[in-house]
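Enquirer: I'd like to ask some things about the structure below.
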Amino acid sequence: MKTVLITGAAGDVGTHLRRELAGRYRLRVSDIKPIRDLRKDEKYVRADVSKLGDMLRATKGVDALVHLGAWPVEGDWPLILSSNIIGGYNGFEAARRNGVKRVVFASSNHAVGFYRRDQTIDHRAQARPDSRYGVSKAFGEALGALYADKYGLGVLAIRIGNVNPEPLDRRRLAIWISPRDIAQLVAIGIDHPEIRFEIVYGISDNQRGWYDNANAYRLGYRPLDKSEAYAVGILAKHVDHANPLVELYQGGTFVAAEEGGDPSRSRPLPGRKKSAAKRPTMRPAKPKTAKRKKK
C-alpha cells in the first residue's frame with residue numbers, strides 16, 4: 001500500500017479526498033490547521049507549505065504528494081506569493097529532494113478563466129488566468145512541467161472545477177466534479193504507470209461543460225456523475241450577475257474580483273461609483289501603538 005501525503009487536508013477538497021481514498025492508501029494528512037478526526041490509516045503532520053523545511057519533513061518517506069495546500073481564492077499579492085507560489089515551489093522541491101515518485105498538483109479552472117463560455121478548450125489551451133490566484137495555478141503547472149522534464153517526477157496537474165456533493169449554480173453545472181470523481185482522477189495521478197507530465201480537467205460528465213477532457217479519458221478516467229441531473233432546479237433559480245463580464249467568461253466572479261479574499265466582490269464597471277463598503281480583510285489588524293511625543 002502506497003503512502004500518500006495530502007497537503008491542505010483540512011480544506012474542503014482535502015476532506016472529501018480523505019474520505020474517498022480511505023483504505024486505498026496510507027494517508028499522511030497535512031495542514032497548518034489541526035486535524036482531529038483521524039482515521040486508522042491516517043497520520044497527521046503539521047506543515048506550512050510556505051516553509052521548505054516543513055515540506056521536507058512532511059514528504060519524507062512518501063510515495064506520492066497530492067498538493068492541495070494553498071490560499072483557495074483570490075487574495076492580495078503577498079498572500080498569493082507566500083502560500084501558492086512559494087508554497088507550490090516548496091512542494092515540488094521537497095518531493096524532488098526526498099525521492100517522491102509522483103506529484104498530483106491541484107491546479108484550477110481559474111488558470112484558464114479568461115476564455116469565453118462559448119469556447120471549448122482542452123488541456124493544450126494556453127494559460128489565461130483570471131486572477132492572481134489563477135496566475136499562481138498557471139505557475140504551478142509550469143513548475144510541474146519543469147520538475148517532470150528536468151528531474152523525472154511523474155506529475156498530473158488537475159484543473160479542478162468545483163468539488164461538491166452537487167453543483168451549486170448555473171456556472172458550476174459546467175465545472176462541477178463530485179467527490180468520487182475527483183478521487184478517481186487523483187488515483188490516476190498516483191498509480192498510472194505512464195504519466196510524466198499531464199494536464200486534465202477536474203470535472204464530472206457535464207453536458208454543459210466548456211472543456212474537452214479527452215486527455216483524462218485517455219488516461220482511463222471514467223466519471224460516474226453528471227451535473228445535468230441537477231440542471232432543472234438550478235436554472236429555475238438563476239439570476240444573471242450585475243457585471244456582464246462575470247457571465248461572459250469561464251472564470252465567473254474571479255474575472256472581476258479584486259484583492260481581499262472574496263471572489264464574490266467585483267470591481268465596479270466603468271462609469272459607476274465605487275461602493276462605500278470596506279473590503280474584507282484577510283488578517284486581523286495590528287493594534288495601534290501610542291506614538292511617543294518628541295521632547
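Residue numbering restarts at 1 for every chain of the C-alpha cells, chains are lettered A, B, ... in their displayed order, and ligands are numbered from 1 as they appear.
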Within 7 Å of region 27-37 of chain A, counting only C-alpha atoms, which residues qualify if same-chain residues fewer than 5 places away don't, as an NGL selection string?
Expert: :A and (3-10 or 42-48)
Enquirer: Kindly export the residues of the current selection with N, CA and C atoms, as a short mmCIF file (atom, residue, chain, number, x, y, z; two decimals), in the first residue's frame.
Expert:
```
data_model
loop_
_atom_site.label_atom_id
_atom_site.label_comp_id
_atom_site.auth_asym_id
_atom_site.auth_seq_id
_atom_site.Cartn_x
_atom_site.Cartn_y
_atom_site.Cartn_z
N THR A 3 2.15 5.09 0.45
CA THR A 3 1.96 6.18 1.42
C THR A 3 1.82 7.47 0.64
N VAL A 4 0.72 8.18 0.86
CA VAL A 4 0.38 9.38 0.09
C VAL A 4 0.21 10.55 1.06
N LEU A 5 0.91 11.64 0.79
CA LEU A 5 0.77 12.86 1.56
C LEU A 5 -0.24 13.77 0.87
N ILE A 6 -1.23 14.25 1.63
CA ILE A 6 -2.17 15.26 1.15
C ILE A 6 -1.92 16.54 1.93
N THR A 7 -1.44 17.59 1.25
CA THR A 7 -1.33 18.89 1.89
C THR A 7 -2.68 19.60 1.78
N GLY A 8 -2.90 20.57 2.66
CA GLY A 8 -4.20 21.24 2.65
C GLY A 8 -5.34 20.29 2.98
N ALA A 9 -5.05 19.28 3.79
CA ALA A 9 -6.01 18.21 4.02
C ALA A 9 -7.19 18.62 4.89
N ALA A 10 -7.09 19.77 5.56
CA ALA A 10 -8.20 20.24 6.38
C ALA A 10 -9.24 21.02 5.55
N GLU A 42 -4.54 6.99 8.83
CA GLU A 42 -4.07 8.35 8.63
C GLU A 42 -3.09 8.77 9.73
N LYS A 43 -2.13 9.58 9.31
CA LYS A 43 -1.20 10.20 10.25
C LYS A 43 -1.16 11.68 9.94
N TYR A 44 -1.29 12.51 10.98
CA TYR A 44 -1.28 13.96 10.79
C TYR A 44 0.12 14.52 10.99
N VAL A 45 0.53 15.39 10.07
CA VAL A 45 1.79 16.12 10.17
C VAL A 45 1.48 17.59 9.96
N ARG A 46 1.75 18.41 10.96
CA ARG A 46 1.53 19.84 10.79
C ARG A 46 2.61 20.40 9.88
N ALA A 47 2.21 21.15 8.85
CA ALA A 47 3.20 21.74 7.95
C ALA A 47 2.61 22.99 7.31
N ASP A 48 3.46 23.98 7.15
CA ASP A 48 3.15 25.22 6.45
C ASP A 48 3.82 25.13 5.09
#
```
Enquirer: For the structure I just gave you, how does DSSP split region 17-214 of chain A - specifically, which residues are strand (DSSP E)? Reply as a PyMOL selection string.
Expert: chain A and resi 26-31+42-46+64-67+102-108+154-160+162-163+176-177+197-202
Enquirer: For the residues in that selection, give me N, CA and C atoms as a short mmCIF file (atom, residue, chain, number, x, y, z; two decimals), in the first residue's frame.
Expert:
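This is the output file part-v1.cif:
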```cif
data_model
loop_
_atom_site.label_atom_id
_atom_site.label_comp_id
_atom_site.auth_asym_id
_atom_site.auth_seq_id
_atom_site.Cartn_x
_atom_site.Cartn_y
_atom_site.Cartn_z
N ARG A 26 -2.12 4.49 2.47
CA ARG A 26 -1.81 5.01 3.80
C ARG A 26 -1.70 6.52 3.66
N LEU A 27 -2.56 7.24 4.32
CA LEU A 27 -2.65 8.69 4.13
C LEU A 27 -1.89 9.42 5.23
N ARG A 28 -1.00 10.31 4.79
CA ARG A 28 -0.36 11.26 5.68
C ARG A 28 -1.02 12.61 5.38
N VAL A 29 -1.74 13.15 6.34
CA VAL A 29 -2.53 14.35 6.09
C VAL A 29 -1.85 15.53 6.75
N SER A 30 -1.77 16.64 6.01
CA SER A 30 -1.00 17.79 6.47
C SER A 30 -1.78 19.07 6.27
N ASP A 31 -1.62 19.99 7.22
CA ASP A 31 -2.24 21.31 7.12
C ASP A 31 -1.62 22.16 8.22
N GLU A 42 -4.54 6.99 8.83
CA GLU A 42 -4.07 8.35 8.63
C GLU A 42 -3.09 8.77 9.73
N LYS A 43 -2.13 9.58 9.31
CA LYS A 43 -1.20 10.20 10.25
C LYS A 43 -1.16 11.68 9.94
N TYR A 44 -1.29 12.51 10.98
CA TYR A 44 -1.28 13.96 10.79
C TYR A 44 0.12 14.52 10.99
N VAL A 45 0.53 15.39 10.07
CA VAL A 45 1.79 16.12 10.17
C VAL A 45 1.48 17.59 9.96
N ARG A 46 1.75 18.41 10.96
CA ARG A 46 1.53 19.84 10.79
C ARG A 46 2.61 20.40 9.88
N ALA A 64 3.84 9.44 -2.93
CA ALA A 64 3.17 10.43 -3.77
C ALA A 64 2.74 11.62 -2.92
N LEU A 65 2.73 12.78 -3.55
CA LEU A 65 2.27 14.01 -2.93
C LEU A 65 1.05 14.51 -3.69
N VAL A 66 -0.05 14.72 -2.97
CA VAL A 66 -1.23 15.39 -3.52
C VAL A 66 -1.21 16.79 -2.95
N HIS A 67 -0.82 17.76 -3.78
CA HIS A 67 -0.51 19.10 -3.28
C HIS A 67 -1.72 20.02 -3.45
N ARG A 102 5.65 10.62 -7.44
CA ARG A 102 4.51 11.24 -8.10
C ARG A 102 4.06 12.49 -7.37
N VAL A 103 3.64 13.50 -8.13
CA VAL A 103 3.01 14.69 -7.58
C VAL A 103 1.71 14.93 -8.34
N VAL A 104 0.61 14.99 -7.60
CA VAL A 104 -0.67 15.42 -8.17
C VAL A 104 -0.88 16.86 -7.71
N PHE A 105 -0.84 17.77 -8.67
CA PHE A 105 -0.93 19.20 -8.35
C PHE A 105 -2.34 19.70 -8.56
N ALA A 106 -2.90 20.33 -7.53
CA ALA A 106 -4.24 20.90 -7.62
C ALA A 106 -4.16 22.23 -8.35
N SER A 107 -4.28 22.18 -9.68
CA SER A 107 -4.42 23.41 -10.45
C SER A 107 -5.89 23.82 -10.40
N SER A 108 -6.30 24.69 -11.28
CA SER A 108 -7.65 25.24 -11.17
C SER A 108 -8.17 25.70 -12.53
N GLY A 154 6.84 12.18 -11.94
CA GLY A 154 5.58 11.98 -12.64
C GLY A 154 4.58 12.98 -12.09
N VAL A 155 4.05 13.85 -12.94
CA VAL A 155 3.20 14.95 -12.47
C VAL A 155 1.87 14.96 -13.22
N LEU A 156 0.78 14.97 -12.46
CA LEU A 156 -0.55 15.19 -13.02
C LEU A 156 -1.09 16.49 -12.45
N ALA A 157 -1.35 17.47 -13.32
CA ALA A 157 -1.96 18.74 -12.92
C ALA A 157 -3.45 18.67 -13.25
N ILE A 158 -4.28 18.83 -12.22
CA ILE A 158 -5.73 18.75 -12.41
C ILE A 158 -6.30 20.16 -12.32
N ARG A 159 -6.84 20.65 -13.42
CA ARG A 159 -7.52 21.95 -13.41
C ARG A 159 -8.92 21.75 -12.81
N ILE A 160 -8.96 21.83 -11.49
CA ILE A 160 -10.18 21.49 -10.77
C ILE A 160 -11.27 22.53 -11.03
N ASN A 162 -15.16 22.62 -9.56
CA ASN A 162 -15.68 22.84 -8.21
C ASN A 162 -16.08 21.50 -7.62
N VAL A 163 -15.45 21.14 -6.50
CA VAL A 163 -15.72 19.85 -5.85
C VAL A 163 -16.82 20.06 -4.82
N TRP A 176 -18.56 21.44 -12.38
CA TRP A 176 -18.71 20.61 -11.18
C TRP A 176 -17.99 19.27 -11.30
N ILE A 177 -17.45 18.81 -10.17
CA ILE A 177 -16.93 17.44 -10.08
C ILE A 177 -17.32 16.87 -8.72
N PHE A 197 4.23 14.16 -17.52
CA PHE A 197 3.55 15.40 -17.17
C PHE A 197 2.28 15.47 -17.99
N GLU A 198 1.15 15.59 -17.30
CA GLU A 198 -0.14 15.66 -17.97
C GLU A 198 -1.01 16.71 -17.28
N ILE A 199 -1.86 17.36 -18.10
CA ILE A 199 -2.89 18.26 -17.60
C ILE A 199 -4.25 17.68 -17.94
N VAL A 200 -5.14 17.64 -16.97
CA VAL A 200 -6.52 17.20 -17.20
C VAL A 200 -7.45 18.20 -16.50
N TYR A 201 -8.73 18.11 -16.82
CA TYR A 201 -9.73 18.94 -16.16
C TYR A 201 -10.46 18.14 -15.09
N GLY A 202 -10.61 18.76 -13.94
CA GLY A 202 -11.31 18.12 -12.84
C GLY A 202 -12.80 18.41 -12.93
#
```
Enquirer: CA of Tyr133 (chain A) to CA of Ser83 (chain A): how many Å, to one decimal?
Expert: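 Between CA of Tyr133 (chain A) and CA of Ser83 (chain A) the gap works out to 10.2 Å.
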Enquirer: Figure out the distance between CA of Trp210 (chain A) and CA of Ala174 (chain A), please, to one decimal in Å.
Expert: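 Here the two named atoms are 6.4 Å from each other.
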Enquirer: Compile the contact shell of Tyr151 (chain A) as JSON, numbers by chain: residues with an atom at most 12 Å away, counting only C-alpha atoms, same-chain residues fewer than 4 positions apart removed.
Expert: {"A": [92, 93, 95, 96, 97, 99, 100, 101, 102, 143, 144, 145, 146, 147, 155, 196, 197]}
Enquirer: Measuring atom to atom with only C-alpha atoms, identify which of A:Asp212, A:Asp54, A:Asp205, A:Asp12 is nearest to Gly87 (chain A).
Expert: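 Answer, going by the shortest atom-to-atom distance: A:Asp54.
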Enquirer: Just the residues within 8 Å of region 17-22 of chain A, please, counting only C-alpha atoms, with nothing from its chain fewer than 5 positions along; format it as number ranges by chain.
Expert: A: 9, 27, 41, 179-180, 182-183
Enquirer: Counting only C-alpha atoms, which of A:Ala236, A:Leu245, A:Val73, A:Ala214 gets nearest to Arg124 (chain A)?
Expert: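 Among the listed residues, A:Ala214 lies closest to Arg124 (chain A).
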Enquirer: Considering only C-alpha atoms, tabulate each residue of region 89-117 of chain A that lies at most 12 Å from region 255-259 of chain A along with its nearest interatomic pair and the corresponding distance in Å to one decimal; arrange the rows by chain and ascending residue number and present them as CSV.
Expert:
```
residue,atom,partner,partner_atom,distance
A:Asn109,CA,A:Val255,CA,11.8
A:His110,CA,A:Val255,CA,8.8
A:Ala111,CA,A:Val255,CA,11.1
A:Val112,CA,A:Val255,CA,10.6
A:Gly113,CA,A:Val255,CA,7.2
A:Phe114,CA,A:Val255,CA,7.0
A:Tyr115,CA,A:Val255,CA,10.3
A:Arg116,CA,A:Val255,CA,11.1
```
Enquirer: So how many Å separate CA of Gly252 (chain A) and CA of Tyr211 (chain A), to one decimal?
Expert: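 Computing the Euclidean distance for CA of Gly252 (chain A) and CA of Tyr211 (chain A) yields 15.1 Å.
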Enquirer: Could you tell me, as a PyMOL selection string, which residues of region 46-261 of chain A DSSP assigns to alpha helix (DSSP H) when given the backbone?
Expert: chain A and resi 52-59+77-80+87-97+132-151+170-175+179-191+214-218+231-237+244-248
